[in-house]
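Trainee: First, the structure itself, so that you have it in front of you.
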Amino acid sequence: MKLNIVCIPGDGIGPEIVTEAKKVLNKVAETGGHEMVFTDILMGGASIDVHGVPLTDEAIETAKVADAVLMGSIGGDTNTSPWYKLPPEKRPEAGLLKIRKSLGLFANLRPAILYPELRGACPLKEEISVKGFDMLIMRELTGGLYFGERHTVEKDGQKVATDTLTYSEAEIRRIAIKGFEIAMKRRRKVTSVDKANVLDSSRLWRAVVNEVAKDFPEVTLEHMLVDNCAMQLVKDPSQFDVILTENMFGDILSDEASMVTGSIGMLASASLNDTKFGLYEPSHGSAPDIAGKDLANPIATILSAAMMLRYSFDLDKEADAIESAVDKVLKDGYRTGDIMSEGCRKVGCREMGDLIAERI
Ligand code: IPM
Ligand code: MG
């Protein structure tokens with residue numbers, strides 16, 4: 001099979017971790033008889049430095065004609081980087097929001113798994129972590145507050161800032177369907193998270209989710225308020241299978257969920273539209289403090305590449321091969337600095353990539 005993959009190395013540790021993911025994908029291609037064609041595009045700070053904008057229209061066009069996009073990470077240190085002196089629409093993050101919107105990537109899948117080998121890194125009490133957890137956050141990615149109208153005006157001698165949170169029934173329905181479909185392939189439970197005790201958009205969310213649920217009688221649905229969900233994630237994360245939620249709640253809860261795994265460097269994500277096309281990226285950021293030092297953990301990006309093979313190319317066997325190579329490397333006791341524990345062997349980003357590729 002010929003796979004046309006656009007890569008966005010991006011900023012910070014992005015280029016290093018994407019290099020390792022390509023290494024592993026090339027090994028998969030070699031052993032499975034596939035042809036992988038990689039085309040790099042610039043996004044984020046890397047694009048600002050060359051083009052003055054975080055994402056050019058040409059870059060979007062290149063991404064559109066590919067089969068899938070594999071991304072590292074974008075952005076820099078918001079306190080020190082000159083990128084953050086630019087107006088908001090010219091900053092690195094604007095590129096990410098633009099590519100999501102332009103490619104219609106409304107469904108963001110963020111798994112948060114407690115790896116048995118890494119249980120020691122879990123910051124929760126042992127009586128909680130011993131139960132393990134494996135959840136998937138299904139975050140709506142192209143609506144809500146992040147894409148609503150916003151403005152700052154001067155009123156009665158002071159500045160007043162406004163952001164708007166809008167959702168249509170259609171936007172809610174399509175993400176809810178994705179949530180239920182994925183629950184059918186998992187443990188068949190959906191926790192829909194909203195703030196229906198206050199927000200109109202959440203009351204509509206709840207009503208539409210209830211409607212969609214009727215088409216999935218085998219899935220157990222529960223509704224949970226977002227503040228309660230934030231609490232439940234540290235109290236008993238094992239209760240969750242699929243968490244279905246809107247854009248901002250999903251942004252916040254997915255960071256919390258990844259933190260309780262203790263190993264954000266391990267977590268992949270996929271952003272999908274209505275076709276097989278998707279953008280795949282690690283759940284972590286660009287870690288500018290360790291960039292270029294061969295210290296980054298490439299596993300989240302490598303697992304994102306596995307998700308890409310599974311969701312965009314239906315190459316389940318190849319995706320399984322990557323995931324089990326990662327498991328083997330962990331079982332063999334190799335760790336990058338972020339997940340290091342006693343008795344293990346510490347390796348850098350490149351060596352971690354080599355070790356995983358060797359095990360394909
Ligand atoms: C994420 C990030 C982005 C978001 C930022 C960088 C715009 O936090 O992918 O979660 O809020 O979606
Ligand atoms: Mg975020």
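Chain labels A, B, ... are given in the sequence in which chains occur in the structure tokens; within each chain residues are numbered consecutively from 1, and ligands are likewise numbered from 1 in the order shown.
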Need to verify the contact set: stretch 127-143 of chain A, 6 Å, only C-alpha atoms, exclusion of same-chain residues closer than 5 positions in sequence. Can you return it as a list in words?
Mentor: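 In the requested form, the answer reads Lys101, Phe106, Ala107, Asn108, Leu109, Arg110, Pro111, Ala112, Ile113, Leu114, Ser238, Phe240, Asp241, Val242, Ile243, Leu244, Thr245, Glu246, Asn247 and Gly250 of chain A.
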Trainee: Filtering to N, CA, C and O atoms, could you give me those residues as a compact mmCIF listing (two decimals), in the first residue's frame?
Mentor:
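Done, and the output landed in part10.txt:
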```
# COMPACT_ATOMS: atom_id res chain seq x y z
N LYS A 101 -9.56 23.44 11.82
CA LYS A 101 -10.78 23.97 11.20
C LYS A 101 -10.78 23.72 9.69
O LYS A 101 -11.76 23.24 9.13
N PHE A 106 -13.15 17.51 13.50
CA PHE A 106 -14.02 17.83 14.63
C PHE A 106 -13.93 16.84 15.79
O PHE A 106 -14.39 17.11 16.88
N ALA A 107 -13.36 15.67 15.52
CA ALA A 107 -13.35 14.63 16.57
C ALA A 107 -11.93 14.36 17.05
O ALA A 107 -11.10 13.88 16.30
N ASN A 108 -11.68 14.70 18.29
CA ASN A 108 -10.35 14.52 18.86
C ASN A 108 -10.38 13.38 19.88
O ASN A 108 -11.10 13.43 20.87
N LEU A 109 -9.60 12.35 19.58
CA LEU A 109 -9.57 11.16 20.45
C LEU A 109 -8.30 11.19 21.28
O LEU A 109 -7.19 11.17 20.72
N ARG A 110 -8.45 11.22 22.58
CA ARG A 110 -7.28 11.25 23.46
C ARG A 110 -7.35 10.12 24.49
O ARG A 110 -8.01 10.23 25.51
N PRO A 111 -6.67 9.03 24.21
CA PRO A 111 -6.66 7.94 25.18
C PRO A 111 -5.79 8.30 26.39
O PRO A 111 -4.76 8.95 26.24
N ALA A 112 -6.21 7.88 27.55
CA ALA A 112 -5.37 8.02 28.77
C ALA A 112 -5.36 6.66 29.45
O ALA A 112 -6.38 6.19 29.96
N ILE A 113 -4.20 6.04 29.39
CA ILE A 113 -4.06 4.66 29.86
C ILE A 113 -3.01 4.59 30.95
O ILE A 113 -1.96 5.24 30.83
N LEU A 114 -3.29 3.83 31.98
CA LEU A 114 -2.26 3.60 32.99
C LEU A 114 -1.50 2.33 32.60
O LEU A 114 -2.04 1.23 32.68
N SER A 238 -10.90 4.68 37.12
CA SER A 238 -11.26 3.39 36.50
C SER A 238 -12.73 3.34 36.09
O SER A 238 -13.13 2.47 35.33
N PHE A 240 -14.21 5.32 34.12
CA PHE A 240 -14.45 5.89 32.79
C PHE A 240 -14.04 4.96 31.65
O PHE A 240 -13.00 4.31 31.72
N ASP A 241 -14.88 4.96 30.62
CA ASP A 241 -14.52 4.31 29.36
C ASP A 241 -14.36 5.41 28.31
O ASP A 241 -13.25 5.87 28.06
N VAL A 242 -15.48 5.91 27.74
CA VAL A 242 -15.40 7.05 26.81
C VAL A 242 -15.98 8.28 27.50
O VAL A 242 -17.10 8.25 28.01
N ILE A 243 -15.19 9.34 27.55
CA ILE A 243 -15.69 10.63 28.03
C ILE A 243 -15.96 11.48 26.79
O ILE A 243 -15.07 11.71 25.99
N LEU A 244 -17.21 11.89 26.64
CA LEU A 244 -17.62 12.66 25.46
C LEU A 244 -17.88 14.09 25.90
O LEU A 244 -18.72 14.33 26.78
N THR A 245 -17.16 15.05 25.30
CA THR A 245 -17.33 16.41 25.80
C THR A 245 -16.97 17.48 24.77
O THR A 245 -16.42 17.18 23.72
N GLU A 246 -17.34 18.71 25.08
CA GLU A 246 -17.12 19.82 24.14
C GLU A 246 -15.66 20.28 24.21
O GLU A 246 -14.87 19.78 25.01
N ASN A 247 -15.35 21.26 23.37
CA ASN A 247 -13.97 21.64 23.12
C ASN A 247 -13.18 22.06 24.37
O ASN A 247 -12.16 21.44 24.70
N GLY A 250 -12.96 19.41 27.13
CA GLY A 250 -12.08 18.32 26.69
C GLY A 250 -10.62 18.71 26.75
O GLY A 250 -9.75 17.89 27.05
```
Trainee: Please identify every polymer residue within 7 Å of ligand 1, using only C-alpha atoms and all ligand atoms, and present the set as number ranges by chain.
Mentor: A: 93-94, 96-97, 251, 283
Trainee: Go ahead and dump the residues you just picked, N, CA and C atoms, as a PDB file, in the first residue's frame.
Mentor:
```pdb
ATOM      1  N   GLU A  93      -0.064  28.743  18.123  1.00  0.00           N
ATOM      2  CA  GLU A  93      -1.291  27.987  18.375  1.00  0.00           C
ATOM      3  C   GLU A  93      -2.368  28.266  17.340  1.00  0.00           C
ATOM      4  N   ALA A  94      -2.335  29.496  16.769  1.00  0.00           N
ATOM      5  CA  ALA A  94      -3.336  29.843  15.755  1.00  0.00           C
ATOM      6  C   ALA A  94      -3.203  28.912  14.549  1.00  0.00           C
ATOM      7  N   LEU A  96      -2.379  25.749  14.658  1.00  0.00           N
ATOM      8  CA  LEU A  96      -3.008  24.476  15.010  1.00  0.00           C
ATOM      9  C   LEU A  96      -4.530  24.576  14.903  1.00  0.00           C
ATOM     10  N   LEU A  97      -5.087  25.679  15.433  1.00  0.00           N
ATOM     11  CA  LEU A  97      -6.542  25.851  15.358  1.00  0.00           C
ATOM     12  C   LEU A  97      -6.981  25.961  13.897  1.00  0.00           C
ATOM     13  N   ASP A 251     -10.335  19.974  26.443  1.00  0.00           N
ATOM     14  CA  ASP A 251      -8.956  20.470  26.517  1.00  0.00           C
ATOM     15  C   ASP A 251      -8.438  20.309  27.953  1.00  0.00           C
ATOM     16  N   SER A 283      -0.099  13.863  22.839  1.00  0.00           N
ATOM     17  CA  SER A 283      -0.932  14.735  23.674  1.00  0.00           C
ATOM     18  C   SER A 283      -0.107  15.799  24.403  1.00  0.00           C
TER      19      SER A 283
END
```
Trainee: Set the distance at 7 Å and use only C-alpha atoms: which residues neighbour A:Pro123 once local chain neighbours fewer than 2 positions away are removed? I'd like the list as a count of residues only.
Mentor: 4
Trainee: Return as a ChimeraX atom specification the residues of protein, DNA or RNA that approach ligand 2 to within 9 Å, with only C-alpha atoms and all ligand atoms taken into account.
Mentor: /A:248,250-255,283-285
Trainee: Apply DSSP to the backbone of this structure and, from stretch 91-328 of chain A, keep only the residues in alpha helix (DSSP H); write these as a ChimeraX atom specification.
Mentor: /A:92-102,126-129,169-184,200-213,226-235,247-261,299-313,316-328
Trainee: When distances are computed from only C-alpha atoms, which of A:Val69, A:Ile177, A:Val50, A:Ile74 shows the smallest separation from A:Ser286?
Mentor: A:Ile74
Trainee: Determine the nearest neighbour of A:Asp289 from the options A:Ile13, A:Ala268, A:Ala196, A:Pro87, counting only C-alpha atoms.
Mentor: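 For A:Asp289, the nearest of the candidates is A:Ile13.
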Trainee: Can you list, as a JSON list (two decimals) with N, CA and C atoms, in the first residue's frame, every protein, DNA or RNA residue that comes within 10 Å of A:Thr39 when you count only C-alpha atoms, leaving out same-chain residues fewer than 2 positions away?
Mentor:
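Just written: result.json:
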```
[["chain", "number", "residue", "atom", "x", "y", "z"],
["A", 4, "ASN", "N", 0.57, 8.27, 1.65],
["A", 4, "ASN", "CA", 1.04, 9.66, 1.50],
["A", 4, "ASN", "C", 0.85, 10.39, 2.82],
["A", 5, "ILE", "N", 1.96, 10.63, 3.51],
["A", 5, "ILE", "CA", 1.86, 11.20, 4.86],
["A", 5, "ILE", "C", 2.52, 12.56, 4.91],
["A", 6, "VAL", "N", 1.76, 13.56, 5.36],
["A", 6, "VAL", "CA", 2.36, 14.88, 5.57],
["A", 6, "VAL", "C", 2.82, 14.96, 7.02],
["A", 7, "CYS", "N", 4.05, 15.40, 7.23],
["A", 7, "CYS", "CA", 4.57, 15.52, 8.59],
["A", 7, "CYS", "C", 4.73, 16.99, 8.96],
["A", 8, "ILE", "N", 4.38, 17.28, 10.21],
["A", 8, "ILE", "CA", 4.60, 18.62, 10.76],
["A", 8, "ILE", "C", 5.55, 18.47, 11.93],
["A", 36, "MET", "N", 5.95, 4.33, 2.03],
["A", 36, "MET", "CA", 5.55, 5.55, 2.75],
["A", 36, "MET", "C", 6.23, 6.75, 2.12],
["A", 37, "VAL", "N", 5.41, 7.73, 1.73],
["A", 37, "VAL", "CA", 5.96, 8.96, 1.17],
["A", 37, "VAL", "C", 5.72, 10.08, 2.18],
["A", 41, "ILE", "N", 5.68, 19.81, 6.17],
["A", 41, "ILE", "CA", 5.22, 21.20, 6.04],
["A", 41, "ILE", "C", 5.56, 21.94, 7.33],
["A", 62, "THR", "N", -1.23, 21.30, 0.86],
["A", 62, "THR", "CA", -0.38, 20.10, 0.86],
["A", 62, "THR", "C", -0.97, 19.05, 1.81],
["A", 63, "ALA", "N", -1.42, 19.51, 2.97],
["A", 63, "ALA", "CA", -2.00, 18.57, 3.95],
["A", 63, "ALA", "C", -3.29, 17.96, 3.41],
["A", 66, "ALA", "N", -2.94, 14.92, 1.18],
["A", 66, "ALA", "CA", -2.30, 13.73, 1.76],
["A", 66, "ALA", "C", -3.36, 12.76, 2.26],
["A", 69, "VAL", "N", -1.98, 13.19, 8.36],
["A", 69, "VAL", "CA", -0.95, 14.13, 8.83],
["A", 69, "VAL", "C", -0.41, 13.63, 10.17]]
```
Trainee: Could you pull the residues within 7 Å of stretch 337-341 of chain A, counting only C-alpha atoms, minus those fewer than 5 positions along the same chain, as a ChimeraX atom specification?
Mentor: /A:121,263,295,346
Trainee: Near A:Ala357, within 12 Å and counting only C-alpha atoms, which residues show up once chain neighbours fewer than 4 positions away are dropped, as number ranges by chain?
Mentor: A: 19-31, 298-299, 302, 321-326, 328-329, 350-353
Trainee: Go ahead and write the residues just picked, N, CA and C atoms, as a short mmCIF file (atom, residue, chain, number, x, y, z; two decimals), in the first residue's frame.
Mentor:
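Result written to result36.cif:
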```cif
data_model
loop_
_atom_site.label_atom_id
_atom_site.label_comp_id
_atom_site.auth_asym_id
_atom_site.auth_seq_id
_atom_site.Cartn_x
_atom_site.Cartn_y
_atom_site.Cartn_z
N THR A 19 11.10 12.54 13.86
CA THR A 19 12.16 11.73 13.24
C THR A 19 12.08 10.28 13.72
N GLU A 20 11.85 10.10 15.02
CA GLU A 20 11.79 8.72 15.55
C GLU A 20 10.54 8.00 15.06
N ALA A 21 9.43 8.75 14.95
CA ALA A 21 8.20 8.11 14.44
C ALA A 21 8.38 7.68 12.99
N LYS A 22 9.07 8.52 12.20
CA LYS A 22 9.33 8.15 10.80
C LYS A 22 10.21 6.91 10.74
N LYS A 23 11.19 6.84 11.63
CA LYS A 23 12.08 5.68 11.69
C LYS A 23 11.27 4.40 11.88
N VAL A 24 10.32 4.46 12.82
CA VAL A 24 9.50 3.28 13.12
C VAL A 24 8.57 2.98 11.93
N LEU A 25 7.99 4.02 11.34
CA LEU A 25 7.10 3.81 10.19
C LEU A 25 7.86 3.21 9.01
N ASN A 26 9.09 3.66 8.81
CA ASN A 26 9.90 3.10 7.71
C ASN A 26 10.16 1.62 7.93
N LYS A 27 10.35 1.27 9.22
CA LYS A 27 10.57 -0.15 9.53
C LYS A 27 9.30 -0.96 9.24
N VAL A 28 8.16 -0.38 9.58
CA VAL A 28 6.88 -1.03 9.29
C VAL A 28 6.71 -1.21 7.78
N ALA A 29 7.08 -0.17 7.02
CA ALA A 29 6.95 -0.22 5.56
C ALA A 29 7.82 -1.34 4.99
N GLU A 30 9.03 -1.40 5.51
CA GLU A 30 10.01 -2.39 5.05
C GLU A 30 9.52 -3.81 5.30
N THR A 31 9.00 -4.04 6.51
CA THR A 31 8.60 -5.41 6.85
C THR A 31 7.23 -5.77 6.24
N PRO A 298 9.90 9.85 22.63
CA PRO A 298 9.21 9.82 21.34
C PRO A 298 8.01 8.87 21.31
N ILE A 299 7.72 8.22 22.44
CA ILE A 299 6.72 7.14 22.41
C ILE A 299 5.32 7.65 22.03
N ILE A 302 5.21 8.01 18.39
CA ILE A 302 5.25 6.70 17.75
C ILE A 302 3.88 6.01 17.88
N ALA A 321 1.66 -4.08 15.68
CA ALA A 321 3.11 -4.35 15.74
C ALA A 321 3.84 -3.20 16.44
N ILE A 322 3.44 -1.98 16.14
CA ILE A 322 4.08 -0.82 16.80
C ILE A 322 3.76 -0.83 18.29
N GLU A 323 2.47 -1.04 18.60
CA GLU A 323 2.09 -1.01 20.03
C GLU A 323 2.79 -2.11 20.82
N SER A 324 2.92 -3.28 20.21
CA SER A 324 3.59 -4.33 21.00
C SER A 324 5.10 -4.11 21.07
N ALA A 325 5.67 -3.45 20.05
CA ALA A 325 7.10 -3.10 20.14
C ALA A 325 7.33 -2.12 21.30
N VAL A 326 6.40 -1.18 21.47
CA VAL A 326 6.52 -0.24 22.60
C VAL A 326 6.41 -1.00 23.92
N LYS A 328 7.13 -4.06 24.49
CA LYS A 328 8.35 -4.87 24.70
C LYS A 328 9.50 -4.02 25.23
N VAL A 329 9.67 -2.85 24.64
CA VAL A 329 10.75 -1.97 25.08
C VAL A 329 10.58 -1.61 26.56
N ARG A 350 16.67 9.27 20.52
CA ARG A 350 17.09 8.49 19.34
C ARG A 350 17.17 7.01 19.65
N GLU A 351 17.78 6.70 20.82
CA GLU A 351 17.94 5.28 21.15
C GLU A 351 16.57 4.63 21.38
N MET A 352 15.67 5.38 22.00
CA MET A 352 14.32 4.83 22.21
C MET A 352 13.68 4.50 20.85
N GLY A 353 13.86 5.39 19.88
CA GLY A 353 13.33 5.13 18.53
C GLY A 353 13.96 3.89 17.93
#
```
Trainee: Atom CA of A:Met224 and atom CA of A:Ser168 are how many Å apart?
Mentor: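 Separation between atom CA of A:Met224 and atom CA of A:Ser168: 20.3 Å.
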Trainee: Nearest residue to A:Gly144 out of A:Ser304, A:Asn297, A:Ser201, A:Ile175, using only C-alpha atoms?
Mentor: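 Between A:Ser304, A:Asn297, A:Ser201, A:Ile175, the residue approaching A:Gly144 most closely is A:Ser201.
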